[in-house]
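Next up, input.cif (mmCIF, C-alpha atoms):
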```
data_final
loop_
_atom_site.label_atom_id
_atom_site.label_comp_id
_atom_site.auth_asym_id
_atom_site.auth_seq_id
_atom_site.Cartn_x
_atom_site.Cartn_y
_atom_site.Cartn_z
CA MET A 1 -9.47 -7.75 -6.54
CA THR A 2 -10.80 -11.29 -6.64
CA ILE A 3 -9.91 -14.17 -4.36
CA GLU A 4 -9.96 -17.84 -5.34
CA LYS A 5 -9.92 -20.26 -2.43
CA ASN A 6 -9.38 -23.97 -2.55
CA LEU A 7 -9.19 -26.21 0.51
CA ASN A 8 -7.49 -29.58 0.05
CA GLY A 9 -7.55 -31.49 3.32
CA THR A 10 -5.38 -29.34 5.60
CA GLU A 11 -3.91 -27.28 2.76
CA LEU A 12 -5.58 -24.00 1.87
CA ASN A 13 -4.68 -22.44 -1.47
CA VAL A 14 -5.57 -18.82 -2.03
CA LYS A 15 -5.04 -16.98 -5.28
CA VAL A 16 -5.22 -13.19 -5.17
CA VAL A 17 -5.99 -11.41 -8.43
CA GLY A 18 -5.62 -7.63 -8.76
CA ARG A 19 -4.44 -5.12 -6.17
CA LEU A 20 -4.12 -5.64 -2.46
CA ASP A 21 -4.59 -2.21 -0.92
CA THR A 22 -6.55 -0.23 1.67
CA THR A 23 -9.81 -0.92 -0.14
CA THR A 24 -9.33 -4.63 -0.82
CA ALA A 25 -7.16 -5.88 2.07
CA PRO A 26 -10.17 -6.26 4.41
CA GLU A 27 -11.68 -8.70 1.88
CA LEU A 28 -8.58 -10.88 1.94
CA GLU A 29 -8.46 -10.66 5.71
CA GLY A 30 -12.05 -11.86 5.91
CA ALA A 31 -11.50 -14.62 3.36
CA VAL A 32 -8.33 -16.01 4.88
CA MET A 33 -8.31 -15.33 8.61
CA GLY A 34 -11.73 -16.89 9.12
CA SER A 35 -10.71 -20.05 7.26
CA LEU A 36 -7.51 -21.07 9.00
CA ALA A 37 -8.95 -23.44 11.60
CA GLY A 38 -7.29 -26.84 11.05
CA VAL A 39 -5.16 -25.54 8.17
CA GLU A 40 -1.54 -26.71 8.35
CA LYS A 41 -0.34 -25.29 5.06
CA LEU A 42 -1.46 -21.97 3.62
CA VAL A 43 -0.33 -21.29 0.05
CA LEU A 44 -0.82 -17.81 -1.37
CA ASP A 45 -0.53 -17.63 -5.14
CA PHE A 46 0.45 -14.10 -6.18
CA SER A 47 0.90 -14.78 -9.90
CA GLU A 48 -1.87 -12.31 -10.70
CA LEU A 49 -1.29 -9.86 -7.86
CA GLU A 50 -0.29 -6.52 -9.37
CA TYR A 51 0.97 -4.86 -6.19
CA LEU A 52 0.29 -4.48 -2.52
CA SER A 53 0.41 -1.61 -0.04
CA SER A 54 0.96 -1.68 3.73
CA ALA A 55 -2.69 -2.63 4.22
CA GLY A 56 -1.89 -5.86 2.33
CA LEU A 57 1.30 -6.41 4.33
CA ARG A 58 -0.77 -6.14 7.49
CA VAL A 59 -2.95 -9.08 6.42
CA LEU A 60 0.08 -11.14 5.38
CA LEU A 61 1.74 -10.52 8.74
CA GLN A 62 -1.43 -11.52 10.56
CA ALA A 63 -1.71 -14.74 8.53
CA GLN A 64 2.00 -15.49 9.00
CA LYS A 65 1.71 -15.11 12.78
CA THR A 66 -1.24 -17.49 12.86
CA MET A 67 0.45 -20.03 10.61
CA ASN A 68 3.66 -19.90 12.68
CA LYS A 69 1.61 -21.49 15.44
CA GLN A 70 -0.12 -24.17 13.41
CA GLY A 71 1.92 -24.97 10.33
CA GLU A 72 3.45 -23.08 7.44
CA MET A 73 2.62 -20.32 5.00
CA ILE A 74 4.10 -20.16 1.52
CA ILE A 75 3.86 -17.35 -0.98
CA LYS A 76 4.52 -18.18 -4.58
CA ASN A 77 4.80 -16.49 -7.97
CA VAL A 78 5.51 -12.94 -6.83
CA ASN A 79 6.19 -10.33 -9.52
CA GLU A 80 9.08 -7.85 -9.47
CA THR A 81 7.07 -5.02 -7.86
CA VAL A 82 5.80 -7.23 -5.06
CA SER A 83 9.23 -8.77 -4.58
CA GLU A 84 10.80 -5.32 -4.15
CA ILE A 85 8.18 -4.36 -1.60
CA PHE A 86 8.99 -7.50 0.40
CA GLU A 87 12.71 -6.64 0.23
CA VAL A 88 12.37 -2.98 1.22
CA THR A 89 10.08 -3.72 4.16
CA GLY A 90 12.08 -6.69 5.45
CA PHE A 91 9.10 -8.96 4.78
CA ALA A 92 11.34 -11.08 2.55
CA ASP A 93 12.98 -12.32 5.78
CA ILE A 94 9.81 -13.24 7.64
CA LEU A 95 7.81 -14.74 4.79
CA THR A 96 8.52 -17.94 2.91
CA ILE A 97 8.62 -16.96 -0.73
CA GLU A 98 9.02 -19.61 -3.42
CA MET B 1 -1.15 21.32 -13.39
CA LYS B 2 -4.32 19.40 -12.63
CA GLU B 3 -6.22 19.32 -9.44
CA LEU B 4 -8.93 17.17 -7.90
CA ASN B 5 -11.00 18.20 -4.90
CA ILE B 6 -12.72 15.23 -3.42
CA ALA B 7 -14.20 13.83 -0.20
CA ALA B 8 -11.44 12.13 1.76
CA THR B 9 -12.90 8.64 1.95
CA VAL B 10 -11.42 5.18 1.47
CA GLU B 11 -13.88 4.66 -1.39
CA ASN B 12 -12.33 7.62 -3.22
CA ILE B 13 -8.79 6.18 -3.22
CA ALA B 14 -9.71 4.52 -6.54
CA THR B 15 -10.96 7.82 -8.01
CA VAL B 16 -7.74 9.59 -7.00
CA THR B 17 -5.66 6.74 -8.43
CA ASP B 18 -7.53 6.92 -11.75
CA PHE B 19 -7.12 10.71 -11.85
CA VAL B 20 -3.35 10.46 -11.37
CA ASN B 21 -2.90 7.43 -13.63
CA GLU B 22 -4.63 9.22 -16.49
CA GLN B 23 -1.93 11.87 -16.37
CA LEU B 24 0.90 9.38 -15.92
CA GLU B 25 -0.27 7.45 -18.96
CA ALA B 26 -0.20 10.62 -21.04
CA LEU B 27 3.47 10.94 -20.06
CA ASP B 28 4.31 7.34 -21.04
CA CYS B 29 5.18 6.63 -17.46
CA PRO B 30 6.83 3.20 -17.02
CA MET B 31 4.40 0.66 -15.53
CA LYS B 32 6.65 -0.04 -12.56
CA VAL B 33 6.84 3.65 -11.64
CA GLN B 34 3.08 3.96 -12.05
CA MET B 35 2.55 1.09 -9.61
CA GLN B 36 4.92 2.72 -7.09
CA ILE B 37 2.93 5.94 -7.37
CA ASP B 38 -0.36 4.06 -7.04
CA ILE B 39 0.92 2.46 -3.84
CA ALA B 40 1.96 5.91 -2.55
CA ILE B 41 -1.57 7.19 -3.26
CA ASP B 42 -3.05 4.27 -1.36
CA GLU B 43 -0.81 5.01 1.62
CA LEU B 44 -1.09 8.81 1.65
CA PHE B 45 -4.68 9.43 0.56
CA GLY B 46 -5.66 6.35 2.57
CA ASN B 47 -4.13 7.94 5.68
CA ILE B 48 -6.02 11.18 5.09
CA ALA B 49 -9.25 9.26 4.54
CA GLN B 50 -8.86 7.26 7.72
CA TYR B 51 -7.31 9.73 10.15
CA ALA B 52 -7.38 13.39 9.07
CA TYR B 53 -10.99 14.13 10.01
CA ASN B 54 -11.83 11.12 12.13
CA PRO B 55 -14.58 10.76 13.33
CA GLU B 56 -15.91 13.52 11.05
CA THR B 57 -15.38 13.65 7.29
CA GLY B 58 -13.81 16.28 5.10
CA ASP B 59 -12.31 17.02 1.73
CA ALA B 60 -8.85 16.70 0.31
CA THR B 61 -7.09 18.14 -2.70
CA VAL B 62 -4.77 16.16 -4.93
CA ARG B 63 -2.62 18.12 -7.36
CA VAL B 64 -0.43 16.74 -10.11
CA GLU B 65 2.36 18.84 -11.61
CA VAL B 66 4.70 17.78 -14.37
CA ILE B 67 8.29 18.98 -14.39
CA GLU B 68 10.50 18.71 -17.48
CA GLU B 69 14.16 17.71 -17.56
CA PRO B 70 14.35 15.35 -16.01
CA LEU B 71 10.74 14.41 -16.58
CA SER B 72 9.12 14.03 -13.19
CA VAL B 73 5.82 14.43 -11.43
CA VAL B 74 5.06 16.16 -8.16
CA ILE B 75 1.87 15.02 -6.45
CA THR B 76 0.57 17.16 -3.60
CA PHE B 77 -1.96 15.97 -1.03
CA ILE B 78 -3.70 18.70 0.96
CA ASP B 79 -6.20 18.34 3.79
CA ASN B 80 -7.59 20.58 6.53
CA GLY B 81 -7.63 17.87 9.17
CA VAL B 82 -5.63 17.44 12.34
CA PRO B 83 -1.98 18.46 11.92
CA TYR B 84 -0.01 15.30 11.16
CA ASP B 85 3.55 15.02 9.94
CA PRO B 86 4.04 11.46 8.70
CA LEU B 87 7.76 12.12 8.22
CA ALA B 88 8.24 12.79 11.94
CA LYS B 89 7.70 9.12 12.70
CA ALA B 90 10.80 6.95 13.10
CA ASP B 91 11.34 4.34 10.40
CA PRO B 92 10.14 0.88 11.41
CA ASP B 93 12.66 -1.82 12.34
CA THR B 94 12.55 -4.03 9.26
CA THR B 95 14.74 -6.73 10.83
CA LEU B 96 12.31 -8.01 13.47
CA SER B 97 10.72 -11.46 13.29
CA ALA B 98 7.08 -11.90 12.32
CA ASP B 99 5.97 -12.21 15.93
CA GLU B 100 7.78 -9.03 16.98
CA ARG B 101 6.64 -7.05 13.98
CA GLU B 102 4.16 -4.23 14.04
CA ILE B 103 2.72 -2.72 10.93
CA GLY B 104 2.70 0.93 12.00
CA GLY B 105 4.84 3.25 9.92
CA LEU B 106 5.44 0.73 7.18
CA GLY B 107 3.29 2.52 4.61
CA ILE B 108 5.07 5.85 4.82
CA TYR B 109 8.39 4.00 4.90
CA MET B 110 7.53 2.30 1.59
CA VAL B 111 6.66 5.70 0.10
CA LYS B 112 9.94 7.22 1.33
CA LYS B 113 11.88 4.37 -0.25
CA SER B 114 10.09 4.41 -3.61
CA MET B 115 9.79 8.17 -4.24
CA ASP B 116 12.66 10.52 -5.08
CA ASP B 117 11.56 13.19 -2.66
CA ILE B 118 8.90 13.68 -0.02
CA THR B 119 8.19 16.86 1.96
CA TYR B 120 5.62 17.87 4.54
CA GLU B 121 4.51 21.26 5.80
CA TYR B 122 1.62 22.54 7.89
CA LYS B 123 0.51 25.90 6.66
CA ASP B 124 -2.67 27.96 7.05
CA GLY B 125 -4.44 25.09 8.75
CA GLN B 126 -3.50 22.63 6.02
CA ASN B 127 -1.43 19.48 5.92
CA ILE B 128 0.57 19.68 2.69
CA LEU B 129 2.41 16.54 1.68
CA LYS B 130 4.35 16.41 -1.57
CA ILE B 131 5.94 13.48 -3.32
CA LYS B 132 8.21 13.69 -6.33
CA LYS B 133 9.06 10.89 -8.70
CA ASN B 134 11.34 10.95 -11.71
CA LEU B 135 9.78 9.25 -14.72
CA SER B 136 12.89 8.89 -16.85
#
```

Entire entry expressed as structure tokens:
Amino acid sequence: MTIEKNLNGTELNVKVVGRLDTTTAPELEGAVMGSLAGVEKLVLDFSELEYLSSAGLRVLLQAQKTMNKQGEMIIKNVNETVSEIFEVTGFADILTIE
Amino acid sequence: MKELNIAATVENIATVTDFVNEQLEALDCPMKVQMQIDIAIDELFGNIAQYAYNPETGDATVRVEVIEEPLSVVITFIDNGVPYDPLAKADPDTTLSADEREIGGLGIYMVKKSMDDITYEYKDGQNILKIKKNLS
């Protein structure tokens, strides 16, 4: 997995490439959770995310809870596999997916 | 049938995934099904790696069997760690808001939903967890 981060004023864009699983989720957690101070809009680009497991969902939930307090979080460009995971787990209802 | 005996560590999830994928590719497994199986490996082998022998370490066995008509695979995860039946846990409430949500149980729930069958038994000091997925 690779992570591309881009901070634009108070908007943080994060692109996740590869797989978000037990091995890689801690990397995303480190990259995102430590960078949210002053961020009002967090945009996660999943166009090149292959799939995610519950370890990935854990990080998304953590980020969503933080952003609920200080702004908004948007997830964009999810593929079919990722979209189904969000549906099955009920995450489709708590995340903002564009 | 193919079998891999390997140290149950988080680092080895990738090795197990490669081992299984190699056999799925030989069966022309659809990419979507392969990804569902890869996620199941991450959840199940990941659980063994993190909890079965904690704080010690130990080995696990991953077995792949192919069944014809309908074409399906059965993947068995075996460890000698603490007895743990992941199926005994209640399904998580998937209707709660983000702030009320907890992540526990979500992994095994995803596996239950994406596989065609999942069984657990504890026998001769071993946790034996089997998942079955139709490929056709």

* Spell out the residues picked by the PyMOL selection byres ((chain A and resi 30-36) around 10) here, as a list in words. => Ile3, Glu4, Lys5, Leu7, Thr10, Glu11, Leu12, Asn13, Val14, Ala25, Pro26, Glu27, Leu28, Glu29, Ala37, Gly38, Val39, Glu40, Lys41, Leu42, Leu44, Val59, Leu60, Gln62, Ala63, Thr66, Met67 and Gln70 of chain A

* **Among the residues B:Val74, B:Ile103, B:Met35, B:Val66, the one that comes closest to A:Thr81 [using all atoms listed in the file]** =>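 Ranking B:Val74, B:Ile103, B:Met35, B:Val66 by distance to A:Thr81, first place goes to B:Met35.
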
* Selected by the PyMOL selection byres ((chain A and resi 21) around 8) in the shown coordinates: which residues, as a list of chain:residue names? -> A:Arg19, A:Leu20, A:Thr22, A:Thr23, A:Thr24, A:Ala25, A:Leu52, A:Ser53, A:Ser54, A:Ala55, A:Gly56, B:Ile39, B:Asp42

* Please return, as a ChimeraX atom specification, all residues of chain B lying within 8 Å of chain A when only C-alpha atoms are considered. => /B:10-11,13,32,35,39,42-43,46,94-95,97-99,101,103,106-107,109-110,113

Create the file for the chosen residues now, containing C-alpha atoms and written as a tab-separated table (two decimals), in the coordinates of the input.
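File produced: result_38.tsv:
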```tsv
chain	number	residue	atom	x	y	z
B	10	VAL	CA	-11.42	5.18	1.47
B	11	GLU	CA	-13.88	4.66	-1.39
B	13	ILE	CA	-8.79	6.18	-3.22
B	32	LYS	CA	6.65	-0.04	-12.56
B	35	MET	CA	2.55	1.09	-9.61
B	39	ILE	CA	0.92	2.46	-3.84
B	42	ASP	CA	-3.05	4.27	-1.36
B	43	GLU	CA	-0.81	5.01	1.62
B	46	GLY	CA	-5.66	6.35	2.57
B	94	THR	CA	12.55	-4.03	9.26
B	95	THR	CA	14.74	-6.73	10.83
B	97	SER	CA	10.72	-11.46	13.29
B	98	ALA	CA	7.08	-11.90	12.32
B	99	ASP	CA	5.97	-12.21	15.93
B	101	ARG	CA	6.64	-7.05	13.98
B	103	ILE	CA	2.72	-2.72	10.93
B	106	LEU	CA	5.44	0.73	7.18
B	107	GLY	CA	3.29	2.52	4.61
B	109	TYR	CA	8.39	4.00	4.90
B	110	MET	CA	7.53	2.30	1.59
B	113	LYS	CA	11.88	4.37	-0.25
```

* Could you list the residues chosen by the PyMOL selection byres ((chain B and resi 85) around 10) in this structure as an NGL selection string? => :B and (82-84 or 86-89 or 119-122 or 127-129)

* Asked: Closest to B:Val73 among B:Glu102, B:Asp93, B:Asp116, B:Asp124, using all atoms listed in the file?
  ->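 Ranking B:Glu102, B:Asp93, B:Asp116, B:Asp124 by distance to B:Val73, first place goes to B:Asp116.
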
Skip B:Asp18 itself and residues of its chain fewer than 3 positions away, then list as a PDB file with C-alpha atoms, in the frame of the given file all residues within 12 Å of it, counting all atoms listed in the file.
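Final output, result.pdb:
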```pdb
ATOM      1  CA  LEU B   4      -8.930  17.170  -7.900  1.00  0.00           C
ATOM      2  CA  ASN B  12     -12.330   7.620  -3.220  1.00  0.00           C
ATOM      3  CA  ILE B  13      -8.790   6.180  -3.220  1.00  0.00           C
ATOM      4  CA  ALA B  14      -9.710   4.520  -6.540  1.00  0.00           C
ATOM      5  CA  THR B  15     -10.960   7.820  -8.010  1.00  0.00           C
ATOM      6  CA  ASN B  21      -2.900   7.430 -13.630  1.00  0.00           C
ATOM      7  CA  GLU B  22      -4.630   9.220 -16.490  1.00  0.00           C
ATOM      8  CA  GLN B  23      -1.930  11.870 -16.370  1.00  0.00           C
ATOM      9  CA  LEU B  24       0.900   9.380 -15.920  1.00  0.00           C
ATOM     10  CA  GLU B  25      -0.270   7.450 -18.960  1.00  0.00           C
ATOM     11  CA  GLN B  34       3.080   3.960 -12.050  1.00  0.00           C
ATOM     12  CA  MET B  35       2.550   1.090  -9.610  1.00  0.00           C
ATOM     13  CA  ILE B  37       2.930   5.940  -7.370  1.00  0.00           C
ATOM     14  CA  ASP B  38      -0.360   4.060  -7.040  1.00  0.00           C
ATOM     15  CA  ILE B  41      -1.570   7.190  -3.260  1.00  0.00           C
ATOM     16  CA  ASP B  42      -3.050   4.270  -1.360  1.00  0.00           C
ATOM     17  CA  VAL B  62      -4.770  16.160  -4.930  1.00  0.00           C
TER      18      VAL B  62
END
```

* **Separation of atom CA of B:Phe19 from atom CA of B:Asn5, in Å and rounded to one decimal** =>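 Spanning atom CA of B:Phe19 to atom CA of B:Asn5 is a straight-line distance of 10.9 Å.
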
* Asked: When you draw a straight line from atom CA of B:Met31 to atom CA of B:Glu68, how long is it in Å?
  ->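 One can read the atom CA of B:Met31 to atom CA of B:Glu68 distance as 19.2 Å.
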
* To do: Calculate how many Å separate atom CA of A:Thr2 from atom CA of A:Ser47, rounding to one decimal.
  => 12.6 Å

* **Shell around B:Glu3 at 12 Å using all atoms listed in the file, local window under 4 positions removed, as an NGL selection string** => :B and (16 or 19-20 or 23 or 60-65 or 74-78)

* Asked: In terms of the shortest atom-to-atom distance over all atoms listed in the file, which of B:Asn47, B:Leu71, B:Asp28, B:Asp117 is closest to B:Gly104?
  -> B:Asn47

* Nearest to A:Leu49, chosen from A:Val17, A:Met1, A:Met73, A:Ile97, with only C-alpha atoms counted in the distances ->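 Checking each of A:Val17, A:Met1, A:Met73, A:Ile97 against A:Leu49, counting only C-alpha atoms, the winner is A:Val17.
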
Could you write out as JSON the box around stretch 53-57 of chain A (axis-aligned, all atoms listed in the file, 3 Å on each side), with centre and edge lengths in Å to one decimal?
```
{"center_x": -0.7, "center_y": -4.0, "center_z": 2.1, "size_x": 10.0, "size_y": 10.8, "size_z": 10.4}
```
